[in-house]
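Student: My questions will all concern the structure given below.
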Amino acid sequence: MAGVWVFAENYEHGLELLQIGRSLADKTGVELTAFACGDKEVGQQYIYYGAHQVFILPPLAEDQPLETYVPAIAEVARQEDPDIFLFAATLRGKEIAARVAARLNTGLCSECIELDIKDNKLEMKRVLYGGAALQTIICKTRPQMATIPVHTFTSVTDLDNTRQGIIKEFDPISSTPVKVRDRQPRAQESGDITRSRVLVCVGRGVEKEEDLKLARELAEILGGDLACTRPIAEELHWMPQETYIGLSGQTVKPELYIGLGISGQIQHTTGIRDSRIICTINKDEDAPIFKISDYGIVGDLYKVVPFLSQELARLKKK
Amino acid sequence: MDFKLTEEQELIRANMREFCEKYVDPVAVEIDENSRYPAEIIAKLAEMDWMGMPYPQEYGGAGLNYLTYTMVIEELSRSCAATGFTLSCHIGLASGPIYNFGNEEQKQKYLTPLCQGEHIGAFALTEPGAGTDVGAGSTTAVLDGDEYILNGTKTFTSNGPVADTFVVFAITDKTQSAARGMSAFIVPKDAPGFKVGEHFYKMGIRASQTSEIILNDCRIPKENLLGKEGQGFRIAMQTLDNGRIGVAAQAIGIAQAALDESISYSKERIQFGKPISKNQAIQWMLADMATDIAAARFLTYNAAYLKDQGLPYTKDASMAKLFAAEMASRHASKAVQIHGGYGYIKGFKVERLMRDAKITEIYEGTSEAQRMVIAANLLR
Amino acid sequence: MFKISLNIIACFKWVVDHEDIKVNPETNELVLDRAGYRISDYDRFAIEEAVALSEQYGGSTTAVTVGFPAAKKSLKDALARGPEKAIFINDPAFANLEPSQTAAILAQSINNQEFDLIICGEGSGDLYAQQVGPRLAEHLNIPCASFVRKITIEGRELIAERRVDEGIEIISMPLPALVTVLPEINSPRVPGLKDTLAASKKPVVEITGSDLEETVPCLETVEIKATTMERNCEKFDANEDDLKRFVEVLLRAGVID
């Protein structure tokens, strides 16, 4: 079955891909196929959410990495020749997509942030040059492949338990020479900032590590989370890796983003472009971030932030 | 004439830039503020083979020509003129005379550790009563058996508080004029009777360390005489010729930094609804700055080129130093003007540049001394 | 320590310095002609890791790049960072390759080299497509681990700590293998002066497009435009009245309650 195929390493990202996959399939009048990794129940849910067909990949041995699926995915794609093949751009998803694309000798649009059908072709957009440019590309070979950053699309909501679909189970697949020796879950020091409704983000303008508490206080009053720029996490190690926003870090889209002491380098701002409202507090009125802010306060964050926290706390009590 | 730099020269310059970004820029403000000697940067410069760059590899140097060395000092001074000067003082003023006038034994013993950066060098010529008038010096050296005994006080000795090896000038024959009666000596800091005197706190290049040197019956082996007795004046003058190319490079680095800062500030600073770079008054200042920097660069690279070719370069080094120093001072001041009030605030780079620039008009021969040298060459 | 002697290939790309990219305000098109080029920052970590591993375990490093003739400038720069030799795969037609082509060209060129390990950056500084490494592994039919933050070698096995979305996965794989590395894996050295001078004397093997089978792009660029972010750009001062007004604006926008 050709049509639109989607692969995500977990259920939740699968539902996001089903959303965009459905809309592309409907536009081109083709069917939608989803992969489920080792879990038939997930496959059944995908059908209830609108997949016409589901491939159930067999469970993997404990020491096998997810990439073990690569040959099987590439093989079925070679046989069935989908029009479009989308992957959730998790870290593993990006590797799997690139390797499947290599096996199929086709093009892949990495971290595609917008996609649409034009003249029966998939038109894809992605950022280049550290976020400075937006490239629009089409893929001339088949399948037209893209990886989609997580949370780019909302999850599909149209659940219908009566939907019927084709479930295909894969034969067990041979193991790879890559063995997993250990898995260490991420320390849950922080929430997942890609889901935060409100984010307070700190940059180099915060002078000392203990000053983070000013920002944390503001975040708590707003019911939001604390995030940071790359140097705060990678150079100063004040905050965990997974809380930095930017090109090589997280992409966020909160309702409200408040940047404290952030100059606005493109590598950072490319990660906040989809925020609904961007606010900035910076004492340097010429900081580039003001140009991409909805509301900017020119002032010393050490004075402004405590005042705002106090004011917001006062309003809350009312 | 070929003005094109080689690929290797470009790469060496780029590597010094990378060095500066990683090791110098992060501390430049702090070492200026605290007049702190950046021992950690100097150790890194040593580790990465920059401390003896124009000297042969057999002495631990890198065998660069003087032109490339000049570009490196310029690049380092663009980030921190004090560090640039510390290095050019070590290489040009202290290691230079040992390389040019020392015998093989002296080179092995003193030049090699200087080139490897294990030792820091200093040049002690100036005295309280003898600045531009070098001949008025009153420090003496008397031969006593196998040793010279040195007495006197040197002042404004750059690297004085941190150096291990000093090139010291003293009168050995009072009956002669300074030009014939002065000699140069290599004095290690642990020589008996050698003492570092008062430290000076300066307006600019504050991270460069400056002090008095006190020689009180200071005894050194007679093998530490550099060249011959009576050659001191010539050694001093030739060393200063080399040094002047280094100061010119330092001045160009400062001016380039002033221009870099001014361009980026004027494009970002909005007044009356537009960036101030849209104002012709600012544009003309930037244009003048860039033009003078280019002119200074040609003068300086030309002096270094002449030296590399073994051609006379005294006049050219003086012209380069005179022009580069004065233009750096003038344009660092303009850069502060472009920055307005912010330029006068501590922590803004142009404030430091303006203070750092001034010294280039003074040391290693004031602008007036350079004009004397140039005129003397013209009227000969 | 037991010396293993590794032949390591570090891949790097000569990319436009995006700090230098200007935008034509009328057309919103990028102006690249005055931009400088540099070794992609991400690839500096790959080169450093290769050199550090060959220092630790014995062996040598070859730096490989695919580019257009002007990328020749990158070779000495790369060699100053520690590799013993470089391979320059060079053709005027290689100016705007897409990842599938770069990987195919690298694979053809590397295929007849002896190697134990290939290290790539996690992505390139210009396209950041993050495909060349995994694609290259597929072409060469060797095991692959991406987004690696630590590498150790045990005999003929490579142990890698790689980032995955839920945390860290520690994997082992037999050599020869390919890894793509994260910036956190090391802190690249700044080349010393003698390293730079020595770079000129190191061997460079040149391979040109005519030595290789032609590659065909799969993707077609429709357009490239500067990114724009249209925002309100309303500024407030830090006085009490302005800050209260700021809070009100947020309340009205419904983003706080």
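A note on labels: chains of the structure tokens are A, B, ... as shown, every chain counts residues from 1, and ligands are counted from 1 in their shown order.
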Hey, what's within 10 Å of B:Met327 if we count only C-alpha atoms and toss same-chain stuff fewer than 6 positions away? As an NGL selection string, please?
Tutor: :B and (251-252 or 255 or 288-289 or 292-293 or 295-296 or 321 or 333 or 357 or 361)
Student: Could you write out that same residue set with C-alpha atoms as a tab-separated table (two decimals), in the first residue's frame?
Tutor:
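Once written, selection_36.tsv looks like this:
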```tsv
chain	number	residue	atom	x	y	z
B	251	ALA	CA	48.86	50.24	18.33
B	252	ILE	CA	47.26	48.82	15.17
B	255	ALA	CA	42.92	50.80	16.70
B	288	ASP	CA	39.04	57.90	8.77
B	289	MET	CA	39.73	55.19	11.29
B	292	ASP	CA	44.55	55.31	9.06
B	293	ILE	CA	44.63	51.70	10.22
B	295	ALA	CA	48.08	53.16	6.30
B	296	ALA	CA	49.67	52.19	9.63
B	321	LYS	CA	55.64	53.49	15.36
B	333	SER	CA	39.37	58.60	21.57
B	357	ALA	CA	46.48	53.53	23.28
B	361	GLU	CA	52.99	57.27	21.99
```
Student: Taking only C-alpha atoms into account, what are the residues of chain C at most 6 Å from chain A, put as a PyMOL selection string?
Tutor: chain C and resi 18+126-127+129+131+134-135+164+166-173+218-227+229+231-238
Student: Skip C:Ile207 itself and residues of its chain fewer than 2 positions away, then list as an NGL selection string all residues within 10 Å of it, counting only C-alpha atoms.
Tutor: :C and (66 or 87-91 or 109 or 204-205 or 209-212)
Student: For the residues selected in the previous step, produce a file with C-alpha atoms as a short mmCIF file (atom, residue, chain, number, x, y, z; two decimals), in the first residue's frame.
Tutor:
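The new file result22.cif reads:
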```cif
data_model
loop_
_atom_site.label_atom_id
_atom_site.label_comp_id
_atom_site.auth_asym_id
_atom_site.auth_seq_id
_atom_site.Cartn_x
_atom_site.Cartn_y
_atom_site.Cartn_z
CA VAL C 66 34.29 17.05 0.54
CA ILE C 87 42.01 13.72 2.10
CA PHE C 88 40.51 16.50 0.03
CA ILE C 89 37.67 15.38 -2.19
CA ASN C 90 37.36 18.34 -4.39
CA ASP C 91 35.35 19.49 -7.37
CA SER C 109 36.49 7.82 -1.34
CA VAL C 204 47.23 15.73 1.57
CA VAL C 205 45.63 13.28 -0.85
CA GLY C 209 35.05 14.46 -9.00
CA SER C 210 36.32 12.71 -12.13
CA ASP C 211 37.77 9.93 -9.93
CA LEU C 212 34.29 9.19 -8.61
#
```
Student: At a cut-off of 9 Å, which residues of chain B touch chain A? Count only C-alpha atoms and give the answer as a list in words.
Tutor: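 Result, ordered by chain then number: Tyr265, Glu268, Arg269 and Ile270 of chain B.
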Student: Write the selection just made, keeping C-alpha atoms, as a compact mmCIF listing (two decimals), in the first residue's frame?
Tutor:
```txt
# COMPACT_ATOMS: atom_id res chain seq x y z
CA TYR B 265 27.92 49.81 18.32
CA GLU B 268 22.94 48.88 16.95
CA ARG B 269 22.62 52.18 18.77
CA ILE B 270 19.34 53.82 17.82
```
Student: Residues of chain B were defined as contacting chain C if any atom lay at most 12 Å from it, counting only C-alpha atoms; please report them as JSON, numbers by chain.
Tutor: {"B": [6, 7, 8, 9, 10, 11, 12, 13, 14, 15, 16, 17, 18, 19, 20, 21, 22, 23, 44, 45, 46, 47, 48, 49, 50, 51, 52, 53, 54, 57, 60, 61, 62, 63, 64, 68, 69, 72, 116]}
Student: Write out as a PyMOL selection string all residues of stretch 10-222 of chain C that backbone DSSP assigns to strand (DSSP E).
Tutor: chain C and resi 10-12+14-16+22-24+29-31+37-39+59-67+85-90+117-121+144-154+157-164+167-174+177-181+204-208+219-222
Student: Looking only at alpha helix (DSSP H) from DSSP on the backbone, list the matching residues of stretch 14-203 of chain C as a PyMOL selection string.
Tutor: chain C and resi 41-57+73-80+99-110+132-140+193-199
Student: Could you write out the selected residues, including C-alpha atoms, as a PDB file, in the first residue's frame?
Tutor:
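Below you can see selection_15.pdb, which holds the result:
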```pdb
ATOM      1  CA  ASP C  41      32.075  24.063  14.685  1.00  0.00           C
ATOM      2  CA  TYR C  42      30.431  20.674  15.176  1.00  0.00           C
ATOM      3  CA  ASP C  43      33.205  19.009  13.202  1.00  0.00           C
ATOM      4  CA  ARG C  44      35.889  20.467  15.446  1.00  0.00           C
ATOM      5  CA  PHE C  45      34.633  18.076  18.105  1.00  0.00           C
ATOM      6  CA  ALA C  46      34.922  15.186  15.656  1.00  0.00           C
ATOM      7  CA  ILE C  47      38.509  16.077  14.784  1.00  0.00           C
ATOM      8  CA  GLU C  48      39.431  16.560  18.429  1.00  0.00           C
ATOM      9  CA  GLU C  49      37.878  13.250  19.445  1.00  0.00           C
ATOM     10  CA  ALA C  50      39.690  11.397  16.672  1.00  0.00           C
ATOM     11  CA  VAL C  51      43.019  12.930  17.620  1.00  0.00           C
ATOM     12  CA  ALA C  52      42.463  12.371  21.339  1.00  0.00           C
ATOM     13  CA  LEU C  53      41.545   8.709  20.774  1.00  0.00           C
ATOM     14  CA  SER C  54      44.570   8.115  18.563  1.00  0.00           C
ATOM     15  CA  GLU C  55      46.744   9.711  21.236  1.00  0.00           C
ATOM     16  CA  GLN C  56      45.155   7.584  23.932  1.00  0.00           C
ATOM     17  CA  TYR C  57      45.130   4.249  22.132  1.00  0.00           C
ATOM     18  CA  LYS C  73      42.116  26.535   2.770  1.00  0.00           C
ATOM     19  CA  SER C  74      40.531  24.304   5.376  1.00  0.00           C
ATOM     20  CA  LEU C  75      43.153  21.577   5.090  1.00  0.00           C
ATOM     21  CA  LYS C  76      46.016  23.224   6.945  1.00  0.00           C
ATOM     22  CA  ASP C  77      43.567  24.471   9.513  1.00  0.00           C
ATOM     23  CA  ALA C  78      42.304  20.937  10.051  1.00  0.00           C
ATOM     24  CA  LEU C  79      45.788  19.433  10.043  1.00  0.00           C
ATOM     25  CA  ALA C  80      46.971  21.972  12.625  1.00  0.00           C
ATOM     26  CA  PRO C  99      23.577  15.122   2.477  1.00  0.00           C
ATOM     27  CA  SER C 100      22.805  12.105   0.281  1.00  0.00           C
ATOM     28  CA  GLN C 101      25.499  13.181  -2.182  1.00  0.00           C
ATOM     29  CA  THR C 102      28.085  14.061   0.439  1.00  0.00           C
ATOM     30  CA  ALA C 103      27.620  10.665   2.060  1.00  0.00           C
ATOM     31  CA  ALA C 104      27.870   8.830  -1.264  1.00  0.00           C
ATOM     32  CA  ILE C 105      31.014  10.744  -2.253  1.00  0.00           C
ATOM     33  CA  LEU C 106      32.626  10.112   1.124  1.00  0.00           C
ATOM     34  CA  ALA C 107      31.742   6.441   0.916  1.00  0.00           C
ATOM     35  CA  GLN C 108      33.359   6.037  -2.492  1.00  0.00           C
ATOM     36  CA  SER C 109      36.487   7.824  -1.344  1.00  0.00           C
ATOM     37  CA  ILE C 110      36.812   6.068   2.000  1.00  0.00           C
ATOM     38  CA  VAL C 132      25.815  12.404   6.507  1.00  0.00           C
ATOM     39  CA  GLY C 133      27.113  10.252   9.365  1.00  0.00           C
ATOM     40  CA  PRO C 134      24.308   7.667   9.450  1.00  0.00           C
ATOM     41  CA  ARG C 135      24.024   7.629   5.654  1.00  0.00           C
ATOM     42  CA  LEU C 136      27.762   7.054   5.321  1.00  0.00           C
ATOM     43  CA  ALA C 137      27.576   4.122   7.753  1.00  0.00           C
ATOM     44  CA  GLU C 138      24.855   2.590   5.592  1.00  0.00           C
ATOM     45  CA  HIS C 139      26.892   3.016   2.409  1.00  0.00           C
ATOM     46  CA  LEU C 140      29.902   1.376   4.037  1.00  0.00           C
ATOM     47  CA  LEU C 193      52.083  27.744  16.575  1.00  0.00           C
ATOM     48  CA  LYS C 194      54.261  24.721  15.869  1.00  0.00           C
ATOM     49  CA  ASP C 195      51.175  22.628  15.098  1.00  0.00           C
ATOM     50  CA  THR C 196      50.240  25.204  12.486  1.00  0.00           C
ATOM     51  CA  LEU C 197      53.713  25.238  10.977  1.00  0.00           C
ATOM     52  CA  ALA C 198      53.863  21.450  10.967  1.00  0.00           C
ATOM     53  CA  ALA C 199      50.497  21.299   9.170  1.00  0.00           C
TER      54      ALA C 199
END
```
